[in-house]
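Chemist: Below is coords-v2.cif; it holds mmCIF, C-alpha atoms.
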```cif
data_work
loop_
_atom_site.label_atom_id
_atom_site.label_comp_id
_atom_site.auth_asym_id
_atom_site.auth_seq_id
_atom_site.Cartn_x
_atom_site.Cartn_y
_atom_site.Cartn_z
CA VAL A 1 34.17 -1.31 7.60
CA GLN A 2 33.19 -3.54 10.49
CA GLN A 3 29.68 -2.97 11.78
CA GLN A 4 29.18 -3.89 15.42
CA LEU A 5 25.95 -4.72 17.17
CA PRO A 6 25.29 -1.60 19.27
CA GLN A 7 24.73 -1.59 23.00
CA THR A 8 21.00 -1.10 23.40
CA SER A 9 19.27 0.93 26.05
CA THR A 10 15.73 -0.30 25.48
CA SER A 11 14.78 -3.94 25.67
CA LEU A 12 12.24 -5.56 23.38
CA GLU A 13 11.35 -8.25 25.91
CA ARG A 14 7.86 -6.79 26.11
CA CYS A 15 7.31 -7.48 22.43
CA PHE A 16 8.87 -10.95 22.56
CA ASP A 17 6.88 -11.93 25.63
CA GLY A 18 3.67 -10.96 23.86
CA VAL A 19 2.02 -9.24 26.81
CA SER A 20 3.79 -6.71 28.95
CA SER A 21 4.33 -7.48 32.60
CA SER A 22 3.06 -5.04 35.18
CA ALA A 23 6.66 -4.16 35.98
CA ASP A 24 7.13 -2.92 32.43
CA LEU A 25 4.14 -0.61 32.55
CA ASP A 26 4.10 2.63 34.43
CA SER A 27 1.11 3.93 36.39
CA THR A 28 -0.42 5.49 33.30
CA HIS A 29 -1.30 2.02 31.95
CA THR A 30 -4.59 0.96 33.52
CA PRO A 31 -5.93 -2.44 32.36
CA VAL A 32 -9.53 -2.43 31.21
CA GLN A 33 -11.46 -5.69 31.33
CA GLY A 34 -11.56 -7.25 27.88
CA LYS A 35 -9.10 -4.73 26.46
CA ALA A 36 -5.35 -4.26 26.39
CA PRO A 37 -3.96 -1.46 28.55
CA ARG A 38 -4.10 2.01 27.04
CA THR A 39 -1.65 4.82 27.52
CA GLN A 40 -3.11 7.99 29.05
CA PHE A 41 -1.13 11.21 28.93
CA VAL A 42 -1.36 14.89 28.11
CA ALA A 43 -0.35 15.15 24.48
CA PRO A 44 2.52 17.50 23.65
CA TRP A 45 1.78 20.31 21.23
CA PHE A 46 3.48 18.55 18.31
CA LEU A 47 1.05 15.62 18.69
CA ALA A 48 -1.99 17.81 19.05
CA ARG A 49 -1.48 20.15 16.13
CA ASN A 50 -1.50 19.48 12.41
CA SER A 51 2.05 20.07 11.24
CA PHE A 52 1.21 19.99 7.56
CA SER A 53 -1.68 20.72 5.21
CA THR A 54 -5.19 20.57 6.68
CA SER A 55 -6.74 19.25 3.47
CA MET A 56 -6.51 15.61 4.57
CA GLU A 57 -8.02 16.44 7.96
CA ASP A 58 -10.93 18.18 6.25
CA LYS A 59 -11.54 15.11 4.11
CA VAL A 60 -11.64 12.88 7.18
CA GLU A 61 -14.02 15.13 9.09
CA GLN A 62 -16.36 15.53 6.11
CA ALA A 63 -16.41 11.83 5.16
CA PRO A 64 -19.88 10.21 5.22
CA LEU A 65 -20.66 7.60 7.83
CA SER A 66 -20.55 4.88 5.20
CA SER A 67 -18.19 5.57 2.31
CA PRO A 68 -18.43 3.20 -0.67
CA SER A 69 -14.77 3.87 -1.49
CA SER A 70 -13.66 2.65 1.93
CA GLN A 71 -15.62 -0.57 1.51
CA ARG A 72 -13.84 -1.35 -1.76
CA LEU A 73 -10.34 -0.97 -0.33
CA PHE A 74 -8.24 -4.14 0.08
CA GLN A 75 -11.09 -6.47 -0.84
CA ASN A 76 -9.61 -8.38 -3.77
CA SER A 77 -5.83 -8.60 -3.37
CA LYS A 78 -4.56 -11.76 -1.71
CA PRO A 79 -1.51 -12.33 0.51
CA ARG A 80 1.72 -13.07 -1.32
CA SER A 81 5.38 -13.33 -0.45
CA LEU A 82 6.97 -9.91 0.04
CA LYS A 83 10.42 -11.17 -0.98
CA THR A 84 12.45 -8.93 -3.28
CA GLU A 85 15.47 -9.82 -5.36
CA ASN A 86 17.82 -7.58 -3.38
CA PRO A 87 17.88 -5.96 0.07
CA TYR A 88 16.04 -2.64 0.23
CA ILE A 89 19.35 -0.90 0.86
CA GLN A 90 22.07 -1.98 -1.53
CA VAL A 91 25.62 -1.13 -0.50
CA GLU A 92 28.13 -0.76 -3.32
CA VAL A 93 31.48 -2.20 -2.33
CA ASN A 94 34.74 -2.56 -4.18
CA ASP A 95 35.30 -6.31 -3.98
CA ASP A 96 36.43 -6.87 -7.55
CA THR A 97 40.04 -7.25 -6.52
CA PHE A 98 41.77 -9.52 -4.04
CA LEU A 99 42.93 -6.51 -2.05
CA GLY A 100 39.40 -5.08 -1.91
CA ARG A 101 37.93 -8.37 -0.71
CA PHE A 102 40.74 -8.77 1.83
CA VAL A 103 40.14 -5.29 3.30
CA LEU A 104 36.38 -5.89 3.51
CA GLN A 105 36.88 -9.25 5.15
CA LEU A 106 39.42 -7.82 7.57
CA GLY A 107 36.96 -5.07 8.48
CA GLY A 108 34.19 -7.58 9.16
CA TYR A 109 31.97 -6.64 6.22
CA TYR A 110 31.19 -10.28 5.43
CA SER A 111 30.60 -11.23 9.06
CA LYS A 112 27.25 -12.40 10.37
CA GLU A 113 27.00 -9.37 12.65
CA SER A 114 27.48 -7.03 9.71
CA SER A 115 24.82 -8.93 7.73
CA LEU A 116 22.32 -8.56 10.57
CA VAL A 117 23.02 -4.83 10.85
CA GLN A 118 22.54 -4.37 7.12
CA GLY A 119 19.30 -6.36 7.24
CA SER A 120 17.87 -4.27 10.07
CA ASN A 121 18.79 -1.06 8.26
CA SER A 122 17.08 -2.27 5.08
CA LEU A 123 13.92 -3.21 6.99
CA LEU A 124 13.65 0.19 8.63
CA LYS A 125 14.32 2.06 5.39
CA MET A 126 11.59 0.06 3.67
CA VAL A 127 9.09 0.67 6.49
CA LEU A 128 9.80 4.41 6.63
CA GLU A 129 9.43 4.93 2.89
CA HIS A 130 6.36 2.72 2.62
CA SER A 131 4.60 4.48 5.50
CA GLU A 132 5.40 7.89 4.04
CA SER A 133 5.05 7.55 0.28
CA SER A 134 3.23 4.34 -0.70
CA GLY A 135 -0.15 6.08 -1.02
CA ILE A 136 -1.73 3.71 1.51
CA ARG A 137 -2.11 6.39 4.17
CA GLU A 138 -3.90 8.72 1.77
CA ALA A 139 -6.18 5.94 0.51
CA LEU A 140 -7.20 5.25 4.11
CA HIS A 141 -8.02 8.94 4.69
CA LEU A 142 -5.55 9.22 7.54
CA LYS A 143 -4.70 12.69 8.78
CA ASP A 144 -1.44 14.27 7.68
CA ASP A 145 -0.25 15.18 11.18
CA PHE A 146 2.51 13.93 13.46
CA ARG A 147 0.31 11.82 15.74
CA THR A 148 -1.38 9.93 12.91
CA LYS A 149 1.79 9.43 10.88
CA HIS A 150 3.57 8.13 13.97
CA ALA A 151 0.70 5.72 14.72
CA PHE A 152 0.70 4.47 11.12
CA LEU A 153 4.46 3.96 11.24
CA CYS A 154 4.18 2.14 14.57
CA LEU A 155 1.68 -0.26 13.01
CA HIS A 156 4.21 -1.26 10.34
CA VAL A 157 7.04 -1.51 12.86
CA TRP A 158 4.85 -3.85 14.91
CA MET A 159 4.18 -6.02 11.84
CA ILE A 160 7.90 -6.44 11.19
CA LEU A 161 8.66 -7.19 14.85
CA ARG A 162 5.82 -9.73 14.96
CA ARG A 163 7.34 -11.56 11.98
CA LEU A 164 10.85 -11.41 13.45
CA ARG A 165 9.65 -13.14 16.63
CA LYS A 166 9.32 -16.30 14.54
CA SER A 167 12.80 -15.95 13.05
CA GLY A 168 14.90 -17.56 15.80
CA PRO A 169 17.87 -16.04 17.66
CA ASP A 170 18.96 -14.00 14.64
CA GLY A 171 15.45 -12.60 14.40
CA LYS A 172 15.69 -11.39 17.97
CA LYS A 173 19.00 -9.64 17.25
CA VAL A 174 17.63 -7.99 14.13
CA SER A 175 14.52 -6.96 16.09
CA GLN A 176 16.57 -5.09 18.67
CA LEU A 177 18.68 -3.38 16.00
CA PHE A 178 15.58 -2.52 13.99
CA TYR A 179 13.74 -1.18 17.03
CA ASP A 180 16.69 0.92 18.26
CA ASN A 181 17.03 2.52 14.82
CA PHE A 182 13.27 3.14 14.75
CA GLN A 183 13.44 4.96 18.09
CA HIS A 184 16.37 7.02 16.81
CA ASP A 185 14.25 8.03 13.80
CA VAL A 186 11.40 8.98 16.14
CA GLU A 187 13.81 11.19 18.09
CA MET A 188 14.91 12.89 14.88
CA SER A 189 11.26 13.42 13.91
CA VAL A 190 10.54 15.06 17.25
CA HIS A 191 13.48 17.42 16.75
CA ARG A 192 12.23 18.24 13.24
CA GLU A 193 8.90 19.24 14.80
CA GLY A 194 10.78 21.93 16.70
CA VAL A 195 10.80 20.32 20.15
CA ARG A 196 13.78 21.50 22.18
CA VAL A 197 12.71 21.06 25.82
CA ARG A 198 11.79 17.93 27.79
CA VAL A 199 12.58 15.82 24.72
CA ASN A 200 13.28 12.69 26.77
CA LYS A 201 9.86 12.96 28.40
CA TRP A 202 8.06 13.06 25.05
CA LEU A 203 10.22 10.24 23.68
CA ARG A 204 9.30 8.09 26.67
CA GLN A 205 5.62 8.80 26.11
CA LEU A 206 5.90 8.00 22.40
CA GLU A 207 7.61 4.74 23.33
CA ASP A 208 4.80 3.94 25.76
CA ILE A 209 2.31 4.64 22.98
CA PHE A 210 4.11 2.14 20.76
CA PHE A 211 4.18 -0.62 23.38
CA GLY A 212 0.57 -0.01 24.35
CA ALA A 213 -0.56 -0.17 20.72
CA ALA A 214 1.57 -3.25 19.98
CA GLN A 215 0.13 -5.06 22.98
CA SER A 216 -3.40 -4.14 21.92
CA TYR A 217 -2.77 -5.39 18.37
CA ASP A 218 -1.31 -8.68 19.60
CA SER A 219 -4.16 -9.23 22.04
CA ALA A 220 -6.81 -8.51 19.43
CA ILE A 221 -5.29 -11.00 16.97
CA ASP A 222 -4.02 -13.72 19.32
CA LYS A 223 -6.62 -13.60 22.08
CA GLN A 224 -9.57 -11.94 20.30
CA THR A 225 -9.95 -9.53 23.23
CA GLU A 226 -11.72 -7.08 20.90
CA ASP A 227 -12.31 -6.46 17.23
CA PHE A 228 -9.05 -5.64 15.44
CA ALA A 229 -10.68 -2.81 13.47
CA ASP A 230 -11.85 -1.23 16.74
CA VAL A 231 -8.30 -1.34 18.08
CA LEU A 232 -7.02 0.36 14.93
CA TYR A 233 -9.80 2.95 15.08
CA ARG A 234 -8.72 3.85 18.60
CA ASN A 235 -4.94 3.80 18.12
CA VAL A 236 -4.55 5.10 14.55
CA TYR A 237 -7.70 7.14 13.91
CA ALA A 238 -8.03 8.42 17.51
CA GLU A 239 -11.70 7.37 17.28
CA LYS A 240 -12.45 10.13 14.75
CA GLY A 241 -13.71 10.03 11.18
CA ASP A 242 -15.32 7.32 9.06
CA LYS A 243 -15.00 4.03 10.92
CA ASN A 244 -15.26 2.09 7.65
CA TYR A 245 -11.71 3.18 6.92
CA SER A 246 -10.48 1.41 10.06
CA ASN A 247 -12.14 -1.74 8.70
CA ALA A 248 -10.16 -1.22 5.49
CA LEU A 249 -6.98 -0.69 7.51
CA ALA A 250 -7.67 -3.97 9.31
CA ARG A 251 -8.00 -5.79 5.97
CA TYR A 252 -4.75 -4.23 4.77
CA THR A 253 -2.87 -5.11 7.97
CA LEU A 254 -4.07 -8.71 8.01
CA ARG A 255 -3.10 -9.06 4.35
CA GLU A 256 0.43 -7.82 5.06
CA LEU A 257 0.77 -10.01 8.16
CA ALA A 258 -0.19 -13.05 6.09
CA SER A 259 2.21 -11.95 3.35
CA LEU A 260 5.05 -11.68 5.87
CA SER A 261 4.25 -15.22 7.01
CA LEU A 262 4.59 -16.37 3.40
CA THR A 263 8.00 -14.69 3.12
CA ASP A 264 10.99 -16.88 3.93
CA THR A 265 12.97 -16.02 7.04
CA GLU A 266 16.26 -15.51 5.21
CA SER A 267 14.75 -12.76 3.06
CA VAL A 268 13.26 -11.07 6.12
CA LEU A 269 16.58 -11.10 8.00
CA LYS A 270 18.40 -9.73 4.95
CA GLY A 271 15.84 -6.94 4.52
CA SER A 272 14.90 -8.25 1.09
CA VAL A 273 11.21 -7.51 1.55
CA LYS A 274 8.78 -4.77 0.54
CA PHE A 275 5.22 -4.18 1.70
CA ASN A 276 2.47 -4.43 -0.92
CA SER A 277 1.20 -0.99 -1.99
CA SER A 278 -1.89 -2.28 -3.81
CA THR A 279 -5.23 -0.94 -2.55
CA ASP A 280 -7.32 -3.55 -4.44
#
```
Written as structure tokens, that's how I'd like the structure from this file.

Modeler:
Amino acid sequence: VQQQLPQTSTSLERCFDGVSSSADLDSTHTPVQGKAPRTQFVAPWFLARNSFSTSMEDKVEQAPLSSPSSQRLFQNSKPRSLKTENPYIQVEVNDDTFLGRFVLQLGGYYSKESSLVQGSNSLLKMVLEHSESSGIREALHLKDDFRTKHAFLCLHVWMILRRLRKSGPDGKKVSQLFYDNFQHDVEMSVHREGVRVRVNKWLRQLEDIFFGAAQSYDSAIDKQTEDFADVLYRNVYAEKGDKNYSNALARYTLRELASLSLTDTESVLKGSVKFNSSTD
């Protein structure tokens, strides 16, 4: 049952270094003074179309310029530790007998490597389910299409990676495992959208979108290059709809970042964390 750290094809050095080097950015990334580089590309059809119901899109387009409901979101709840009693994914093992424990130990189940793999899997499972079914996306009037859902997921992946940067060498290992699994899930999502040709090209562009957004988020928070809500409005809302909701998304994101900081490193590495779903 030994779980090995996989050989990775994509490095997270860009995230750990904070700001991408010019060598890491292709020619589509053009720095703008006072702003982080943005990714320019021709969107594939599965990013441009709405893959699901159009009801959420209609709500966004018809929203008033200043919605009272958006101004009430995430105003009262305070940051708190996101620690949970158990990892998000609980693996049932037969270790009640000496033979069972011996086999598990022989297979490396109790090893540090195995623990890091299990922690990264739990973190990704939590992020995927929270992004999809916590109700936060609907409360923020985000569109129910591939592009928006991917951007919302990327925001949560960035939050976890940002916390793992401060978790030492083990945090870096878990980051790479977590990120590789995230990219695998993105690939599966692209296939579910019906893409069968030039898949690697679209995956590369989606990866560039993630790194561009992550760099913009880091720069807005660490260097105050621009207002964080403006960055979210551009990357998540595609500069469409009621901008007050991007202000609410900024309040939510800052709350969760602070909550992750209040969560002990051991719980983060074990995947014993869960984002707060409260909209108060």

Chemist: Of the residues A:Ala151, A:Asn276, A:Phe146, A:Leu177, which is the one nearest to Ser114 in chain A, using all atoms listed in the file?

Modeler: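 For Ser114 in chain A, the nearest of the given residues is A:Leu177.
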
Chemist: Quick one: distance from CA of Phe182 in chain A to CA of Leu128 in chain A in Å, one decimal?

Modeler: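 Spanning CA of Phe182 in chain A to CA of Leu128 in chain A is a straight-line distance of 8.9 Å.
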
Chemist: Work out how far apart CA of Arg72 in chain A and CA of Thr253 in chain A are and give it in Å to one decimal.

Modeler: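 Computing it gives 15.1 Å between the two atoms.
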
Chemist: Counting all atoms listed in the file, figure out which residue out of A:Ala214, A:Ile89, A:Leu82, A:Leu140 gets nearest to Leu249 in chain A.

Modeler: A:Leu140

Chemist: Near Ala220 in chain A, counting only C-alpha atoms, which residues have an atom at most 10 Å away, once you skip same-chain residues fewer than 2 positions from it, shown as an mmCIF file with C-alpha atoms, keeping the file's coordinate frame?

Modeler:
```cif
data_model
loop_
_atom_site.group_PDB
_atom_site.id
_atom_site.type_symbol
_atom_site.label_atom_id
_atom_site.label_comp_id
_atom_site.auth_asym_id
_atom_site.auth_seq_id
_atom_site.Cartn_x
_atom_site.Cartn_y
_atom_site.Cartn_z
ATOM 1 C CA GLY A 34 -11.560 -7.250 27.880
ATOM 2 C CA LYS A 35 -9.100 -4.730 26.460
ATOM 3 C CA ALA A 36 -5.350 -4.260 26.390
ATOM 4 C CA ALA A 214 1.570 -3.250 19.980
ATOM 5 C CA GLN A 215 0.130 -5.060 22.980
ATOM 6 C CA SER A 216 -3.400 -4.140 21.920
ATOM 7 C CA TYR A 217 -2.770 -5.390 18.370
ATOM 8 C CA ASP A 218 -1.310 -8.680 19.600
ATOM 9 C CA ASP A 222 -4.020 -13.720 19.320
ATOM 10 C CA LYS A 223 -6.620 -13.600 22.080
ATOM 11 C CA GLN A 224 -9.570 -11.940 20.300
ATOM 12 C CA THR A 225 -9.950 -9.530 23.230
ATOM 13 C CA GLU A 226 -11.720 -7.080 20.900
ATOM 14 C CA ASP A 227 -12.310 -6.460 17.230
ATOM 15 C CA PHE A 228 -9.050 -5.640 15.440
ATOM 16 C CA ALA A 229 -10.680 -2.810 13.470
ATOM 17 C CA ASP A 230 -11.850 -1.230 16.740
ATOM 18 C CA VAL A 231 -8.300 -1.340 18.080
ATOM 19 C CA LEU A 232 -7.020 0.360 14.930
#
```

Chemist: Around the point (14.4, -15.6, 9.4) in the file's coordinates, collect all residues with an atom within 8 Å, using all atoms listed in the file, and return them as a ChimeraX atom specification.

Modeler: /A:164,166-168,170-171,264-269

Chemist: What separation in Å, quoted to one decimal, exists between CA of Ser69 in chain A and CA of Asn235 in chain A?

Modeler: 21.9 Å

Chemist: With only C-alpha atoms as the basis for distance, which of A:Val174, A:Ala248, A:Leu262, A:Leu203 is at the shortest distance from Met188 in chain A?

Modeler: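 Of A:Val174, A:Ala248, A:Leu262, A:Leu203, the one nearest Met188 in chain A, counting only C-alpha atoms, is A:Leu203.
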
Chemist: Return the single residue from A:Asn86, A:Thr279, A:Ser120, A:Val195 that is closest to Lys172 in chain A, with distances computed using only C-alpha atoms.

Modeler: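 The shortest atom-to-atom distance to Lys172 in chain A comes from A:Ser120.
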
Chemist: Between A:Ser277, A:Gln75, A:Gln90, A:Ser175, which residue has the minimum interatomic distance to Ala250 in chain A, considering all atoms listed in the file?

Modeler: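 Closest residue, counting all atoms listed in the file: A:Gln75.
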
Chemist: Restricting the calculation to only C-alpha atoms: of A:Arg204, A:Lys149, A:His141, A:His156, which residue gets closest to Leu254 in chain A?

Modeler: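 Smallest distance to Leu254 in chain A is found for A:His156.
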
Chemist: Within 12 Å of Ser278 in chain A, counting only C-alpha atoms, which residues show up once you throw out same-chain ones fewer than 5 positions away? Write them as a PyMOL selection string, please.

Modeler: chain A and resi 73-80+130+134-137+139+252+255-256

Chemist: When you get a chance, write out all heavy atoms for range 140-151 of chain A, as a CSV table (one decimal), in the frame of the given file.

Modeler:
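File out.csv, as written:
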```
chain,number,residue,atom,x,y,z
A,140,LEU,N,-6.5,5.6,2.9
A,140,LEU,CA,-7.2,5.2,4.1
A,140,LEU,C,-7.7,6.5,4.8
A,140,LEU,O,-8.3,6.4,5.9
A,140,LEU,CB,-6.3,4.5,5.1
A,140,LEU,CG,-6.0,3.0,4.6
A,140,LEU,CD1,-4.8,2.5,5.4
A,140,LEU,CD2,-7.2,2.2,4.8
A,141,HIS,N,-7.5,7.7,4.1
A,141,HIS,CA,-8.0,8.9,4.7
A,141,HIS,C,-7.5,9.2,6.1
A,141,HIS,O,-8.2,9.7,7.0
A,141,HIS,CB,-9.6,9.0,4.7
A,141,HIS,CG,-10.1,9.3,3.4
A,141,HIS,ND1,-11.2,10.1,3.2
A,141,HIS,CD2,-9.8,8.9,2.1
A,141,HIS,CE1,-11.5,10.2,1.9
A,141,HIS,NE2,-10.6,9.5,1.2
A,142,LEU,N,-6.2,8.9,6.3
A,142,LEU,CA,-5.6,9.2,7.5
A,142,LEU,C,-5.1,10.7,7.5
A,142,LEU,O,-4.6,11.2,6.5
A,142,LEU,CB,-4.4,8.3,7.8
A,142,LEU,CG,-4.8,6.8,8.2
A,142,LEU,CD1,-3.6,5.9,8.0
A,142,LEU,CD2,-5.3,6.8,9.6
A,143,LYS,N,-5.1,11.3,8.7
A,143,LYS,CA,-4.7,12.7,8.8
A,143,LYS,C,-3.2,12.8,8.5
A,143,LYS,O,-2.4,11.9,8.7
A,143,LYS,CB,-5.0,13.2,10.2
A,143,LYS,CG,-6.5,13.4,10.5
A,143,LYS,CD,-6.7,14.0,11.9
A,143,LYS,CE,-8.2,14.1,12.2
A,143,LYS,NZ,-8.4,14.7,13.6
A,144,ASP,N,-2.8,14.0,8.0
A,144,ASP,CA,-1.4,14.3,7.7
A,144,ASP,C,-0.8,15.0,8.8
A,144,ASP,O,-0.2,16.1,8.6
A,144,ASP,CB,-1.4,15.1,6.4
A,144,ASP,CG,0.0,15.1,5.8
A,144,ASP,OD1,0.8,14.2,6.2
A,144,ASP,OD2,0.3,15.9,4.9
A,145,ASP,N,-0.9,14.5,10.0
A,145,ASP,CA,-0.2,15.2,11.2
A,145,ASP,C,0.7,14.2,11.9
A,145,ASP,O,0.8,13.0,11.6
A,145,ASP,CB,-1.3,15.7,12.2
A,145,ASP,CG,-2.2,14.6,12.7
A,145,ASP,OD1,-1.8,13.4,12.6
A,145,ASP,OD2,-3.3,15.0,13.2
A,146,PHE,N,1.5,14.7,12.8
A,146,PHE,CA,2.5,13.9,13.5
A,146,PHE,C,1.9,12.7,14.2
A,146,PHE,O,2.4,11.6,14.0
A,146,PHE,CB,3.3,14.8,14.5
A,146,PHE,CG,4.4,14.1,15.1
A,146,PHE,CD1,5.7,14.2,14.6
A,146,PHE,CD2,4.2,13.3,16.2
A,146,PHE,CE1,6.8,13.5,15.2
A,146,PHE,CE2,5.3,12.6,16.8
A,146,PHE,CZ,6.6,12.7,16.3
A,147,ARG,N,0.9,12.9,15.0
A,147,ARG,CA,0.3,11.8,15.7
A,147,ARG,C,-0.1,10.7,14.9
A,147,ARG,O,0.2,9.5,15.1
A,147,ARG,CB,-0.9,12.3,16.6
A,147,ARG,CG,-1.3,11.3,17.6
A,147,ARG,CD,-2.8,11.4,17.9
A,147,ARG,NE,-3.6,10.8,16.8
A,147,ARG,CZ,-3.8,9.5,16.5
A,147,ARG,NH1,-3.3,8.6,17.4
A,147,ARG,NH2,-4.5,9.1,15.5
A,148,THR,N,-0.9,11.0,13.8
A,148,THR,CA,-1.4,9.9,12.9
A,148,THR,C,-0.3,9.2,12.1
A,148,THR,O,-0.2,8.0,12.0
A,148,THR,CB,-2.4,10.5,11.9
A,148,THR,OG1,-3.4,11.2,12.7
A,148,THR,CG2,-3.1,9.4,11.1
A,149,LYS,N,0.7,10.0,11.6
A,149,LYS,CA,1.8,9.4,10.9
A,149,LYS,C,2.6,8.5,11.8
A,149,LYS,O,3.1,7.5,11.4
A,149,LYS,CB,2.6,10.5,10.2
A,149,LYS,CG,1.9,11.3,9.2
A,149,LYS,CD,2.6,12.5,8.7
A,149,LYS,CE,3.6,12.2,7.6
A,149,LYS,NZ,4.2,13.4,7.0
A,150,HIS,N,2.8,9.0,13.0
A,150,HIS,CA,3.6,8.1,14.0
A,150,HIS,C,2.8,6.8,14.3
A,150,HIS,O,3.4,5.8,14.3
A,150,HIS,CB,3.8,8.9,15.3
A,150,HIS,CG,4.5,8.1,16.3
A,150,HIS,ND1,3.9,7.5,17.4
A,150,HIS,CD2,5.8,7.8,16.5
A,150,HIS,CE1,4.7,6.9,18.1
A,150,HIS,NE2,5.9,7.1,17.6
A,151,ALA,N,1.5,6.9,14.4
A,151,ALA,CA,0.7,5.7,14.7
A,151,ALA,C,0.7,4.8,13.5
A,151,ALA,O,0.8,3.5,13.7
A,151,ALA,CB,-0.7,6.1,15.0
```
